[in-house]
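Novice: Pasting in a structure now, in C-alpha cells, and then I'll have a few things to ask.
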Amino acid sequence: MTQSPPSAETQGRKADHLRICLEQNVQSQLTNGLERYRFTHCCLPELDRDQIDLSTTFLGKALAAPLLISSMTGGTEQARLINQRLAQTAQRYGLAMGVGSQRVAVENPDLSPTFAVRSCAPDILLLANLGAVQLNYRYGQAQCQRIVDWLEADALILHLNPLQECVQASGDTQFKGLLQKIEQLCRALPVPVIAKEVGNGISASMAQRLIDAGISALDVAGAGGTSWARVESERAPDEKQRRLGNTFADWGIPTADCITEVRAIAPHIPLIASGGLRDGLEIAKTLALGADLAGLAMPFLRAASESEAALAALTDVLIAEMVTVLFCTGTANLRELRDSQVLQRIP
C-alpha cells in the first residue's frame, strides 16, 4: 500500500479538526474557574461610557482592545477563507490574531497561502505558530524563521500539546530535551517567542522554566474550553485511542487558576489568558486577574465559518460587554480595572 506524504496526512488532520470543532460538542466538562469571581458593582461610576478606553499594547504593538483571535486553522481551502475573514476582522477592530499550526505549510509550501493574511491585515499583531515538539522532529531555526517570514509575523507561538499528541494516533510524543531546544530557538530567532498550551493549562512551575528558557510571553490556554483530547477521540482510528481521548477529555488546570498562579511568580511577563472564554464579562475577569490579552478561538471560528457579518456582530458584542464591565465598576481603562481590586473571589 502506498503511504500518503506527510503533508497530505497533516492536511487531512487539519480538515478533520475543523470539521469536528464545528460539528461536534468537544467542550471540556471542566469550567474555566472564572465563575468563582465576581465584580463589585459601582452604582455611580462618575464616567462617560463613551470615553471608556480598552486600548493596550502587547509585545510593543498597539491594540484597540485586549483581544486575541486565537490560533485555529490553516492548510485547507475552507481554512484559507476563515483565516482571511478573521484577519479582516482583526484589522477592522484593532485586535491581535494567531494562525493555526503552520507545519502543514512547511511540509508543503503550496499550502502557505492558506495562512497568508498580512495583505488583509497590514497593521495587526500577527502570530505565527508551530508545535514545540517539532523541534525534536528535525525542525529548527530555519523552519521557524521560514513560517515567520511567510506570514510576516510579529512573533512565533510554540504550542505545547503533550496530551493531544498522546491521544492522537501516531502522535509526536518525543518531548525529552525539548526545553533546551526552545531555549536555543529563543536566543536565535529575531522575533519574540510565545509559549502556548492548547487547552490544558500552564502551571506556575512550568511557566518559570519557560521564562528562564527565554520565552517572551505566555498563553496559559487553560482547561474549560475546547478539549483537544475529545477532538482526537472523535477521529480516533481504533477503540484504544478513542478511550484515551474520552478518559482525558476533562484533564487540565482551569484558566483562572493558571492566571493567578503564573502572575504570582511572574508579575511582569506578557500574559495571554485563553481557555473557555465565551463573553466579554469572562474576558474582563481574566484582565482583572492579571492577564494582558484574552484569547478566544471557538466563538470566532463559528462566526467566521458563518459570515463576515457574524464576525462583526460577535466582536461588537464582546467589546460592548467589556466596556460595560469597566463602566459598571467605575474603572476608565484596563490599568484601573487591574489595579482597583474590583474583582473579588466568591467565598
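So you can find residues: chains in the C-alpha cells are A, B, ... in the order shown, residues in each start at 1, and ligands are numbered from 1 in order.
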Neighbours of stretch 147-161 of chain A within 6 Å (only C-alpha atoms; same-chain residues fewer than 4 positions away dropped), as a list of chain:residue names?
Specialist: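 Here the qualifying residues turn out to be A:Ala116, A:Leu126, A:Leu127, A:Ala128, A:Asn129, A:Leu130, A:Gly131, A:Ala132, A:Val191, A:Pro192, A:Val193, A:Ile194, A:Ala195, A:Lys196, A:Glu197, A:Val198.
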Novice: Any chance you can output those residues with all heavy atoms as an mmCIF file, in the first residue's frame?
Specialist:
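For reference, part36.cif as written:
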data_model
loop_
_atom_site.group_PDB
_atom_site.id
_atom_site.type_symbol
_atom_site.label_atom_id
_atom_site.label_comp_id
_atom_site.auth_asym_id
_atom_site.auth_seq_id
_atom_site.Cartn_x
_atom_site.Cartn_y
_atom_site.Cartn_z
ATOM 1 N N ALA A 116 -1.744 33.033 4.600
ATOM 2 C CA ALA A 116 -1.239 34.361 4.243
ATOM 3 C C ALA A 116 -2.326 35.417 4.392
ATOM 4 O O ALA A 116 -3.195 35.565 3.516
ATOM 5 C CB ALA A 116 -0.699 34.346 2.815
ATOM 6 N N LEU A 126 0.356 39.960 14.560
ATOM 7 C CA LEU A 126 0.102 38.695 13.883
ATOM 8 C C LEU A 126 1.114 37.659 14.355
ATOM 9 O O LEU A 126 2.326 37.914 14.340
ATOM 10 C CB LEU A 126 0.198 38.883 12.368
ATOM 11 C CG LEU A 126 -0.135 37.691 11.476
ATOM 12 C CD1 LEU A 126 -1.556 37.186 11.732
ATOM 13 C CD2 LEU A 126 0.026 38.063 10.006
ATOM 14 N N LEU A 127 0.618 36.494 14.752
ATOM 15 C CA LEU A 127 1.438 35.486 15.401
ATOM 16 C C LEU A 127 1.515 34.211 14.566
ATOM 17 O O LEU A 127 0.488 33.598 14.260
ATOM 18 C CB LEU A 127 0.865 35.156 16.783
ATOM 19 C CG LEU A 127 0.579 36.364 17.688
ATOM 20 C CD1 LEU A 127 -0.069 35.912 18.987
ATOM 21 C CD2 LEU A 127 1.841 37.170 17.939
ATOM 22 N N ALA A 128 2.743 33.823 14.207
ATOM 23 C CA ALA A 128 2.980 32.540 13.551
ATOM 24 C C ALA A 128 2.840 31.426 14.591
ATOM 25 O O ALA A 128 2.778 31.671 15.790
ATOM 26 C CB ALA A 128 4.363 32.524 12.920
ATOM 27 N N ASN A 129 2.824 30.174 14.134
ATOM 28 C CA ASN A 129 2.507 29.084 15.065
ATOM 29 C C ASN A 129 3.103 27.759 14.591
ATOM 30 O O ASN A 129 2.959 27.389 13.423
ATOM 31 C CB ASN A 129 0.982 28.962 15.182
ATOM 32 C CG ASN A 129 0.536 27.888 16.168
ATOM 33 O OD1 ASN A 129 1.341 27.373 16.943
ATOM 34 N ND2 ASN A 129 -0.737 27.570 16.123
ATOM 35 N N LEU A 130 3.756 27.074 15.530
ATOM 36 C CA LEU A 130 4.299 25.734 15.264
ATOM 37 C C LEU A 130 4.292 24.946 16.561
ATOM 38 O O LEU A 130 4.504 25.506 17.643
ATOM 39 C CB LEU A 130 5.736 25.840 14.735
ATOM 40 C CG LEU A 130 6.393 24.516 14.301
ATOM 41 C CD1 LEU A 130 5.758 24.000 13.004
ATOM 42 C CD2 LEU A 130 7.899 24.702 14.109
ATOM 43 N N GLY A 131 4.044 23.645 16.450
ATOM 44 C CA GLY A 131 4.133 22.784 17.620
ATOM 45 C C GLY A 131 5.558 22.723 18.141
ATOM 46 O O GLY A 131 6.485 22.430 17.387
ATOM 47 N N ALA A 132 5.747 22.989 19.432
ATOM 48 C CA ALA A 132 7.092 22.968 20.008
ATOM 49 C C ALA A 132 7.762 21.613 19.824
ATOM 50 O O ALA A 132 8.976 21.535 19.587
ATOM 51 C CB ALA A 132 7.023 23.326 21.497
ATOM 52 N N VAL A 191 12.499 37.362 16.413
ATOM 53 C CA VAL A 191 11.198 37.825 16.893
ATOM 54 C C VAL A 191 10.891 37.151 18.226
ATOM 55 O O VAL A 191 11.456 36.100 18.549
ATOM 56 C CB VAL A 191 10.066 37.513 15.879
ATOM 57 C CG1 VAL A 191 10.307 38.238 14.565
ATOM 58 C CG2 VAL A 191 9.923 36.008 15.663
ATOM 59 N N PRO A 192 10.006 37.736 19.027
ATOM 60 C CA PRO A 192 9.647 37.117 20.304
ATOM 61 C C PRO A 192 9.025 35.736 20.110
ATOM 62 O O PRO A 192 8.343 35.477 19.110
ATOM 63 C CB PRO A 192 8.631 38.095 20.903
ATOM 64 C CG PRO A 192 8.861 39.388 20.200
ATOM 65 C CD PRO A 192 9.320 39.037 18.823
ATOM 66 N N VAL A 193 9.251 34.858 21.091
ATOM 67 C CA VAL A 193 8.667 33.520 21.091
ATOM 68 C C VAL A 193 7.676 33.419 22.245
ATOM 69 O O VAL A 193 8.000 33.773 23.387
ATOM 70 C CB VAL A 193 9.750 32.429 21.223
ATOM 71 C CG1 VAL A 193 9.107 31.045 21.257
ATOM 72 C CG2 VAL A 193 10.747 32.531 20.071
ATOM 73 N N ILE A 194 6.476 32.968 21.922
ATOM 74 C CA ILE A 194 5.398 32.816 22.903
ATOM 75 C C ILE A 194 5.161 31.326 23.127
ATOM 76 O O ILE A 194 5.023 30.565 22.163
ATOM 77 C CB ILE A 194 4.100 33.461 22.388
ATOM 78 C CG1 ILE A 194 4.318 34.941 22.075
ATOM 79 C CG2 ILE A 194 2.959 33.272 23.389
ATOM 80 C CD1 ILE A 194 3.164 35.586 21.311
ATOM 81 N N ALA A 195 5.115 30.903 24.387
ATOM 82 C CA ALA A 195 4.752 29.526 24.702
ATOM 83 C C ALA A 195 3.266 29.460 25.000
ATOM 84 O O ALA A 195 2.749 30.255 25.799
ATOM 85 C CB ALA A 195 5.550 29.018 25.889
ATOM 86 N N LYS A 196 2.586 28.515 24.353
ATOM 87 C CA LYS A 196 1.128 28.407 24.491
ATOM 88 C C LYS A 196 0.724 26.953 24.699
ATOM 89 O O LYS A 196 1.188 26.073 23.963
ATOM 90 C CB LYS A 196 0.446 28.941 23.230
ATOM 91 C CG LYS A 196 -1.049 28.619 23.109
ATOM 92 C CD LYS A 196 -1.583 29.043 21.744
ATOM 93 C CE LYS A 196 -2.968 28.460 21.473
ATOM 94 N NZ LYS A 196 -3.984 28.929 22.433
ATOM 95 N N GLU A 197 -0.098 26.692 25.693
ATOM 96 C CA GLU A 197 -0.737 25.387 25.788
ATOM 97 C C GLU A 197 -1.912 25.366 24.807
ATOM 98 O O GLU A 197 -2.178 26.368 24.128
ATOM 99 C CB GLU A 197 -1.206 25.120 27.222
ATOM 100 C CG GLU A 197 -0.637 23.831 27.865
ATOM 101 C CD GLU A 197 -1.208 22.528 27.337
ATOM 102 O OE1 GLU A 197 -2.225 22.558 26.635
ATOM 103 O OE2 GLU A 197 -0.631 21.459 27.622
ATOM 104 N N VAL A 198 -2.598 24.230 24.716
ATOM 105 C CA VAL A 198 -3.714 24.147 23.773
ATOM 106 C C VAL A 198 -5.035 23.822 24.464
ATOM 107 O O VAL A 198 -5.994 23.444 23.806
ATOM 108 C CB VAL A 198 -3.428 23.113 22.651
ATOM 109 C CG1 VAL A 198 -2.187 23.492 21.874
ATOM 110 C CG2 VAL A 198 -3.333 21.707 23.213
#
Novice: Do a neighbour search on A:Ala249 at 12 Å with only C-alpha atoms, toss out local chain neighbours closer than 2 positions, and write the hits as a PDB file with C-alpha atoms, in the first residue's frame.
Specialist:
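Saved file selection09.pdb follows:
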ATOM      1  CA  ASN A  25     -19.595  19.059  21.086  1.00  0.00           C
ATOM      2  CA  VAL A  26     -15.936  18.922  22.062  1.00  0.00           C
ATOM      3  CA  GLN A  27     -16.050  21.174  25.110  1.00  0.00           C
ATOM      4  CA  SER A  28     -14.376  20.164  28.343  1.00  0.00           C
ATOM      5  CA  GLN A  29     -16.751  19.403  31.203  1.00  0.00           C
ATOM      6  CA  LEU A  30     -14.434  21.376  33.489  1.00  0.00           C
ATOM      7  CA  LEU A 163      -1.884  15.299  25.949  1.00  0.00           C
ATOM      8  CA  GLN A 164      -3.148  15.827  22.411  1.00  0.00           C
ATOM      9  CA  VAL A 167      -4.267  10.758  22.307  1.00  0.00           C
ATOM     10  CA  GLY A 199      -6.333  23.766  26.493  1.00  0.00           C
ATOM     11  CA  ASN A 200      -4.766  22.013  29.462  1.00  0.00           C
ATOM     12  CA  ALA A 223      -8.944  23.935  30.773  1.00  0.00           C
ATOM     13  CA  GLY A 224     -12.568  24.864  30.391  1.00  0.00           C
ATOM     14  CA  GLY A 225     -12.902  25.291  26.642  1.00  0.00           C
ATOM     15  CA  THR A 226     -12.282  23.041  23.661  1.00  0.00           C
ATOM     16  CA  SER A 227     -10.889  19.679  24.737  1.00  0.00           C
ATOM     17  CA  TRP A 228      -8.370  18.508  22.163  1.00  0.00           C
ATOM     18  CA  ALA A 229      -8.409  15.078  23.775  1.00  0.00           C
ATOM     19  CA  ARG A 230     -12.112  14.942  22.954  1.00  0.00           C
ATOM     20  CA  VAL A 231     -11.454  16.228  19.427  1.00  0.00           C
ATOM     21  CA  GLU A 232      -8.906  13.480  18.845  1.00  0.00           C
ATOM     22  CA  SER A 233     -11.251  10.847  20.261  1.00  0.00           C
ATOM     23  CA  GLU A 234     -13.774  11.844  17.581  1.00  0.00           C
ATOM     24  CA  GLN A 241      -7.278   5.877  21.060  1.00  0.00           C
ATOM     25  CA  ARG A 242     -10.989   6.638  21.378  1.00  0.00           C
ATOM     26  CA  ARG A 243     -10.943   5.561  25.026  1.00  0.00           C
ATOM     27  CA  LEU A 244      -7.778   7.577  25.714  1.00  0.00           C
ATOM     28  CA  GLY A 245      -9.454  10.695  24.384  1.00  0.00           C
ATOM     29  CA  ASN A 246     -12.572  10.165  26.474  1.00  0.00           C
ATOM     30  CA  THR A 247     -10.632   9.327  29.638  1.00  0.00           C
ATOM     31  CA  TRP A 251      -7.816  16.963  32.074  1.00  0.00           C
ATOM     32  CA  GLY A 252      -6.041  20.186  32.922  1.00  0.00           C
TER      33      GLY A 252
END
Novice: Could you name the residues that touch stretch 274-287 of chain A at 6 Å or less, counting only C-alpha atoms, but leaving out those on the same chain fewer than 4 positions away, as a ChimeraX atom specification?
Specialist: /A:32,199,221-225,255,291,294-295,318,321-322
Novice: Could you save those same residues with C-alpha atoms as a short mmCIF file (atom, residue, chain, number, x, y, z; two decimals), in the first residue's frame?
Specialist:
data_model
loop_
_atom_site.label_atom_id
_atom_site.label_comp_id
_atom_site.auth_asym_id
_atom_site.auth_seq_id
_atom_site.Cartn_x
_atom_site.Cartn_y
_atom_site.Cartn_z
CA ASN A 32 -12.61 27.70 33.33
CA GLY A 199 -6.33 23.77 26.49
CA ALA A 221 -4.71 28.21 27.43
CA GLY A 222 -6.28 26.59 30.46
CA ALA A 223 -8.94 23.94 30.77
CA GLY A 224 -12.57 24.86 30.39
CA GLY A 225 -12.90 25.29 26.64
CA THR A 255 -7.85 29.05 33.13
CA ALA A 291 -3.79 38.86 32.01
CA ALA A 294 -7.66 37.45 26.30
CA GLY A 295 -7.76 34.86 23.53
CA LEU A 318 -17.62 41.33 23.08
CA GLU A 321 -19.60 43.67 27.23
CA MET A 322 -16.05 44.66 28.21
#
Novice: Can you measure atom CA of A:Asp292 to atom CA of A:Asp50 for me? One decimal in Å is fine.
Specialist: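 Between atom CA of A:Asp292 and atom CA of A:Asp50 the gap works out to 22.2 Å.
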Novice: Between A:Phe327, A:Phe115, A:Phe58, A:Tyr139, which is the closest to A:Asn83 once you count only C-alpha atoms?
Specialist: A:Phe115
Novice: Quick check, in Å to one decimal: how far apart do atom CA of A:Gly177 and atom CA of A:Pro190 lie?
Specialist: 22.4 Å
Novice: Considering only alpha helix (DSSP H) as DSSP defines it on the backbone, what residues of stretch 84-282 of chain A qualify? List them as a tab-separated table (two decimals) with N, CA and C atoms, in the first residue's frame.
Specialist:
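That gives us selection-v4.tsv:
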chain	number	residue	atom	x	y	z
A	84	GLN	N	-8.84	34.51	6.32
A	84	GLN	CA	-8.99	35.83	5.72
A	84	GLN	C	-10.08	36.65	6.42
A	85	ARG	N	-11.19	36.00	6.72
A	85	ARG	CA	-12.25	36.71	7.43
A	85	ARG	C	-11.80	37.15	8.82
A	86	LEU	N	-11.09	36.26	9.51
A	86	LEU	CA	-10.60	36.60	10.84
A	86	LEU	C	-9.61	37.77	10.79
A	87	ALA	N	-8.73	37.75	9.79
A	87	ALA	CA	-7.73	38.81	9.67
A	87	ALA	C	-8.40	40.15	9.35
A	88	GLN	N	-9.38	40.13	8.50
A	88	GLN	CA	-10.09	41.37	8.17
A	88	GLN	C	-10.78	41.94	9.40
A	89	THR	N	-11.33	41.06	10.23
A	89	THR	CA	-11.97	41.50	11.47
A	89	THR	C	-10.94	42.07	12.44
A	90	ALA	N	-9.79	41.38	12.55
A	90	ALA	CA	-8.72	41.89	13.43
A	90	ALA	C	-8.25	43.27	12.99
A	91	GLN	N	-8.11	43.46	11.70
A	91	GLN	CA	-7.69	44.76	11.17
A	91	GLN	C	-8.74	45.83	11.46
A	92	ARG	N	-9.98	45.51	11.22
A	92	ARG	CA	-11.07	46.48	11.39
A	92	ARG	C	-11.19	46.95	12.84
A	93	TYR	N	-11.00	46.01	13.79
A	93	TYR	CA	-11.23	46.32	15.19
A	93	TYR	C	-9.94	46.54	15.99
A	103	ARG	N	2.85	23.83	10.37
A	103	ARG	CA	3.64	22.65	9.99
A	103	ARG	C	3.25	22.15	8.61
A	104	VAL	N	1.95	22.17	8.32
A	104	VAL	CA	1.50	21.66	7.03
A	104	VAL	C	2.09	22.46	5.87
A	105	ALA	N	2.33	23.76	6.10
A	105	ALA	CA	2.92	24.59	5.05
A	105	ALA	C	4.41	24.34	4.90
A	106	VAL	N	5.07	23.97	6.00
A	106	VAL	CA	6.49	23.60	5.89
A	106	VAL	C	6.61	22.32	5.08
A	107	GLU	N	5.72	21.37	5.32
A	107	GLU	CA	5.74	20.10	4.59
A	107	GLU	C	5.35	20.30	3.13
A	141	GLN	N	15.66	26.34	13.72
A	141	GLN	CA	15.54	27.77	13.47
A	141	GLN	C	15.14	28.07	12.03
A	142	ALA	N	15.67	27.33	11.07
A	142	ALA	CA	15.39	27.62	9.66
A	142	ALA	C	13.90	27.50	9.35
A	143	GLN	N	13.26	26.42	9.85
A	143	GLN	CA	11.83	26.23	9.59
A	143	GLN	C	11.01	27.28	10.33
A	144	CYS	N	11.41	27.60	11.56
A	144	CYS	CA	10.68	28.62	12.32
A	144	CYS	C	10.79	29.99	11.67
A	145	GLN	N	11.99	30.32	11.20
A	145	GLN	CA	12.16	31.60	10.52
A	145	GLN	C	11.35	31.64	9.23
A	146	ARG	N	11.26	30.50	8.56
A	146	ARG	CA	10.52	30.44	7.29
A	146	ARG	C	9.05	30.76	7.51
A	147	ILE	N	8.43	30.17	8.53
A	147	ILE	CA	7.00	30.41	8.72
A	147	ILE	C	6.74	31.83	9.23
A	148	VAL	N	7.68	32.37	10.00
A	148	VAL	CA	7.56	33.78	10.41
A	148	VAL	C	7.63	34.69	9.19
A	149	ASP	N	8.57	34.41	8.31
A	149	ASP	CA	8.73	35.23	7.10
A	149	ASP	C	7.54	35.10	6.17
A	150	TRP	N	7.05	33.87	5.96
A	150	TRP	CA	5.89	33.68	5.10
A	150	TRP	C	4.70	34.51	5.58
A	151	LEU	N	4.50	34.50	6.88
A	151	LEU	CA	3.34	35.16	7.46
A	151	LEU	C	3.56	36.66	7.66
A	162	PRO	N	1.22	18.05	24.90
A	162	PRO	CA	1.58	16.66	25.17
A	162	PRO	C	0.38	15.72	25.25
A	163	LEU	N	-0.72	16.18	25.85
A	163	LEU	CA	-1.88	15.30	25.95
A	163	LEU	C	-2.47	15.01	24.57
A	164	GLN	N	-2.60	16.03	23.76
A	164	GLN	CA	-3.15	15.83	22.41
A	164	GLN	C	-2.29	14.85	21.62
A	165	GLU	N	-0.97	14.98	21.74
A	165	GLU	CA	-0.09	14.07	20.99
A	165	GLU	C	-0.21	12.63	21.51
A	166	CYS	N	-0.46	12.47	22.82
A	166	CYS	CA	-0.65	11.12	23.37
A	166	CYS	C	-1.92	10.47	22.84
A	167	VAL	N	-2.97	11.29	22.73
A	167	VAL	CA	-4.27	10.76	22.31
A	167	VAL	C	-4.34	10.57	20.79
A	178	LEU	N	13.35	18.92	25.13
A	178	LEU	CA	12.70	19.97	24.33
A	178	LEU	C	12.96	21.36	24.90
A	179	LEU	N	13.02	21.47	26.21
A	179	LEU	CA	13.20	22.79	26.82
A	179	LEU	C	14.52	23.43	26.37
A	180	GLN	N	15.56	22.63	26.26
A	180	GLN	CA	16.85	23.17	25.81
A	180	GLN	C	16.76	23.68	24.38
A	181	LYS	N	16.03	22.97	23.53
A	181	LYS	CA	15.88	23.41	22.15
A	181	LYS	C	15.03	24.68	22.06
A	182	ILE	N	14.03	24.80	22.94
A	182	ILE	CA	13.26	26.03	23.00
A	182	ILE	C	14.16	27.20	23.39
A	183	GLU	N	15.02	26.96	24.36
A	183	GLU	CA	15.96	28.00	24.80
A	183	GLU	C	16.88	28.43	23.67
A	184	GLN	N	17.39	27.48	22.92
A	184	GLN	CA	18.27	27.80	21.79
A	184	GLN	C	17.52	28.60	20.74
A	185	LEU	N	16.27	28.24	20.48
A	185	LEU	CA	15.47	28.96	19.49
A	185	LEU	C	15.19	30.39	19.95
A	186	CYS	N	14.86	30.57	21.23
A	186	CYS	CA	14.60	31.91	21.76
A	186	CYS	C	15.81	32.82	21.58
A	187	ARG	N	17.00	32.27	21.74
A	187	ARG	CA	18.22	33.07	21.57
A	187	ARG	C	18.47	33.40	20.10
A	188	ALA	N	18.10	32.51	19.20
A	188	ALA	CA	18.47	32.65	17.79
A	188	ALA	C	17.44	33.41	16.96
A	204	ALA	N	2.47	27.22	37.42
A	204	ALA	CA	3.48	28.21	37.83
A	204	ALA	C	4.88	27.68	37.63
A	205	SER	N	5.11	26.43	38.00
A	205	SER	CA	6.47	25.87	37.89
A	205	SER	C	6.91	25.76	36.44
A	206	MET	N	5.99	25.36	35.55
A	206	MET	CA	6.36	25.27	34.14
A	206	MET	C	6.52	26.66	33.54
A	207	ALA	N	5.71	27.60	33.97
A	207	ALA	CA	5.87	28.98	33.50
A	207	ALA	C	7.26	29.50	33.83
A	208	GLN	N	7.72	29.23	35.05
A	208	GLN	CA	9.04	29.70	35.44
A	208	GLN	C	10.13	29.08	34.59
A	209	ARG	N	10.02	27.79	34.29
A	209	ARG	CA	11.03	27.13	33.46
A	209	ARG	C	11.04	27.70	32.04
A	210	LEU	N	9.86	27.99	31.52
A	210	LEU	CA	9.78	28.57	30.18
A	210	LEU	C	10.34	29.99	30.15
A	211	ILE	N	10.04	30.76	31.18
A	211	ILE	CA	10.58	32.12	31.27
A	211	ILE	C	12.11	32.08	31.37
A	212	ASP	N	12.61	31.16	32.19
A	212	ASP	CA	14.07	31.02	32.32
A	212	ASP	C	14.72	30.61	31.01
A	228	TRP	N	-8.98	19.15	23.32
A	228	TRP	CA	-8.37	18.51	22.16
A	228	TRP	C	-8.25	17.00	22.33
A	229	ALA	N	-8.31	16.53	23.57
A	229	ALA	CA	-8.41	15.08	23.78
A	229	ALA	C	-9.74	14.57	23.23
A	230	ARG	N	-10.80	15.34	23.48
A	230	ARG	CA	-12.11	14.94	22.95
A	230	ARG	C	-12.15	15.06	21.43
A	231	VAL	N	-11.52	16.10	20.89
A	231	VAL	CA	-11.45	16.23	19.43
A	231	VAL	C	-10.78	15.01	18.82
A	232	GLU	N	-9.64	14.63	19.40
A	232	GLU	CA	-8.91	13.48	18.84
A	232	GLU	C	-9.68	12.18	19.03
A	233	SER	N	-10.45	12.07	20.09
A	233	SER	CA	-11.25	10.85	20.26
A	233	SER	C	-12.30	10.72	19.16
A	234	GLU	N	-12.76	11.86	18.64
A	234	GLU	CA	-13.77	11.84	17.58
A	234	GLU	C	-13.20	11.34	16.25
A	239	GLU	N	-10.44	1.66	19.06
A	239	GLU	CA	-11.07	1.82	20.37
A	239	GLU	C	-10.08	2.31	21.43
A	240	LYS	N	-8.82	1.89	21.34
A	240	LYS	CA	-7.83	2.33	22.33
A	240	LYS	C	-7.68	3.84	22.32
A	241	GLN	N	-7.46	4.43	21.15
A	241	GLN	CA	-7.28	5.88	21.06
A	241	GLN	C	-8.57	6.60	21.41
A	242	ARG	N	-9.70	6.02	21.04
A	242	ARG	CA	-10.99	6.64	21.38
A	242	ARG	C	-11.17	6.69	22.89
A	243	ARG	N	-10.81	5.59	23.57
A	243	ARG	CA	-10.94	5.56	25.03
A	243	ARG	C	-9.97	6.54	25.68
A	244	LEU	N	-8.74	6.62	25.17
A	244	LEU	CA	-7.78	7.58	25.71
A	244	LEU	C	-8.34	9.00	25.67
A	245	GLY	N	-8.90	9.36	24.52
A	245	GLY	CA	-9.45	10.69	24.38
A	245	GLY	C	-10.57	10.96	25.36
A	246	ASN	N	-11.45	9.98	25.56
A	246	ASN	CA	-12.57	10.16	26.47
A	246	ASN	C	-12.12	10.19	27.93
A	247	THR	N	-11.12	9.37	28.26
A	247	THR	CA	-10.63	9.33	29.64
A	247	THR	C	-10.04	10.67	30.06
A	255	THR	N	-8.47	27.80	33.59
A	255	THR	CA	-7.85	29.05	33.13
A	255	THR	C	-7.61	30.04	34.26
A	256	ALA	N	-8.61	30.24	35.12
A	256	ALA	CA	-8.46	31.21	36.21
A	256	ALA	C	-7.29	30.84	37.12
A	257	ASP	N	-7.13	29.56	37.41
A	257	ASP	CA	-6.04	29.12	38.27
A	257	ASP	C	-4.69	29.36	37.59
A	258	CYS	N	-4.63	29.12	36.29
A	258	CYS	CA	-3.38	29.37	35.56
A	258	CYS	C	-2.96	30.83	35.69
A	259	ILE	N	-3.92	31.74	35.49
A	259	ILE	CA	-3.59	33.17	35.53
A	259	ILE	C	-3.04	33.55	36.89
A	260	THR	N	-3.74	33.17	37.95
A	260	THR	CA	-3.32	33.59	39.29
A	260	THR	C	-2.00	32.94	39.68
A	261	GLU	N	-1.80	31.68	39.30
A	261	GLU	CA	-0.55	31.01	39.64
A	261	GLU	C	0.64	31.62	38.90
A	262	VAL	N	0.47	31.88	37.61
A	262	VAL	CA	1.57	32.44	36.83
A	262	VAL	C	1.87	33.86	37.30
A	263	ARG	N	0.84	34.65	37.53
A	263	ARG	CA	1.07	36.03	37.96
A	263	ARG	C	1.77	36.08	39.33
A	264	ALA	N	1.53	35.10	40.17
A	264	ALA	CA	2.16	35.09	41.49
A	264	ALA	C	3.67	34.95	41.41
A	265	ILE	N	4.16	34.25	40.38
A	265	ILE	CA	5.61	34.04	40.26
A	265	ILE	C	6.23	34.89	39.17
A	280	GLY	N	-17.63	38.85	26.99
A	280	GLY	CA	-16.81	39.95	27.45
A	280	GLY	C	-16.68	40.04	28.96
A	281	LEU	N	-17.65	39.53	29.69
A	281	LEU	CA	-17.56	39.50	31.15
A	281	LEU	C	-16.43	38.58	31.59
A	282	GLU	N	-16.33	37.41	30.97
A	282	GLU	CA	-15.22	36.50	31.30
A	282	GLU	C	-13.88	37.09	30.87
Novice: Between A:Val133, A:Ala96, A:Ala297, A:Ala169, which residue has the minimum interatomic distance to A:Leu63, considering only C-alpha atoms?
Specialist: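 Nearest to A:Leu63: A:Ala96.
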Novice: Can you tell me, as a PyMOL selection string, what residues are no more than 12 Å from A:Leu326 when counting only C-alpha atoms, ignoring any on the same chain fewer than 6 positions away?
Specialist: chain A and resi 39-42+45-54+280-281+283-285+287-288+319-320+332-338+340+342-343
Novice: Which parts of stretch 124-254 of chain A does DSSP call strand (DSSP E) when run on the backbone here, written out as a PyMOL selection string?
Specialist: chain A and resi 126-131+155-160+193-197+217-219
Novice: Tell me which of A:Thr31, A:Val220, A:Ile20, A:Arg38 sits closest to A:Arg345, counting only C-alpha atoms.
Specialist: A:Arg38
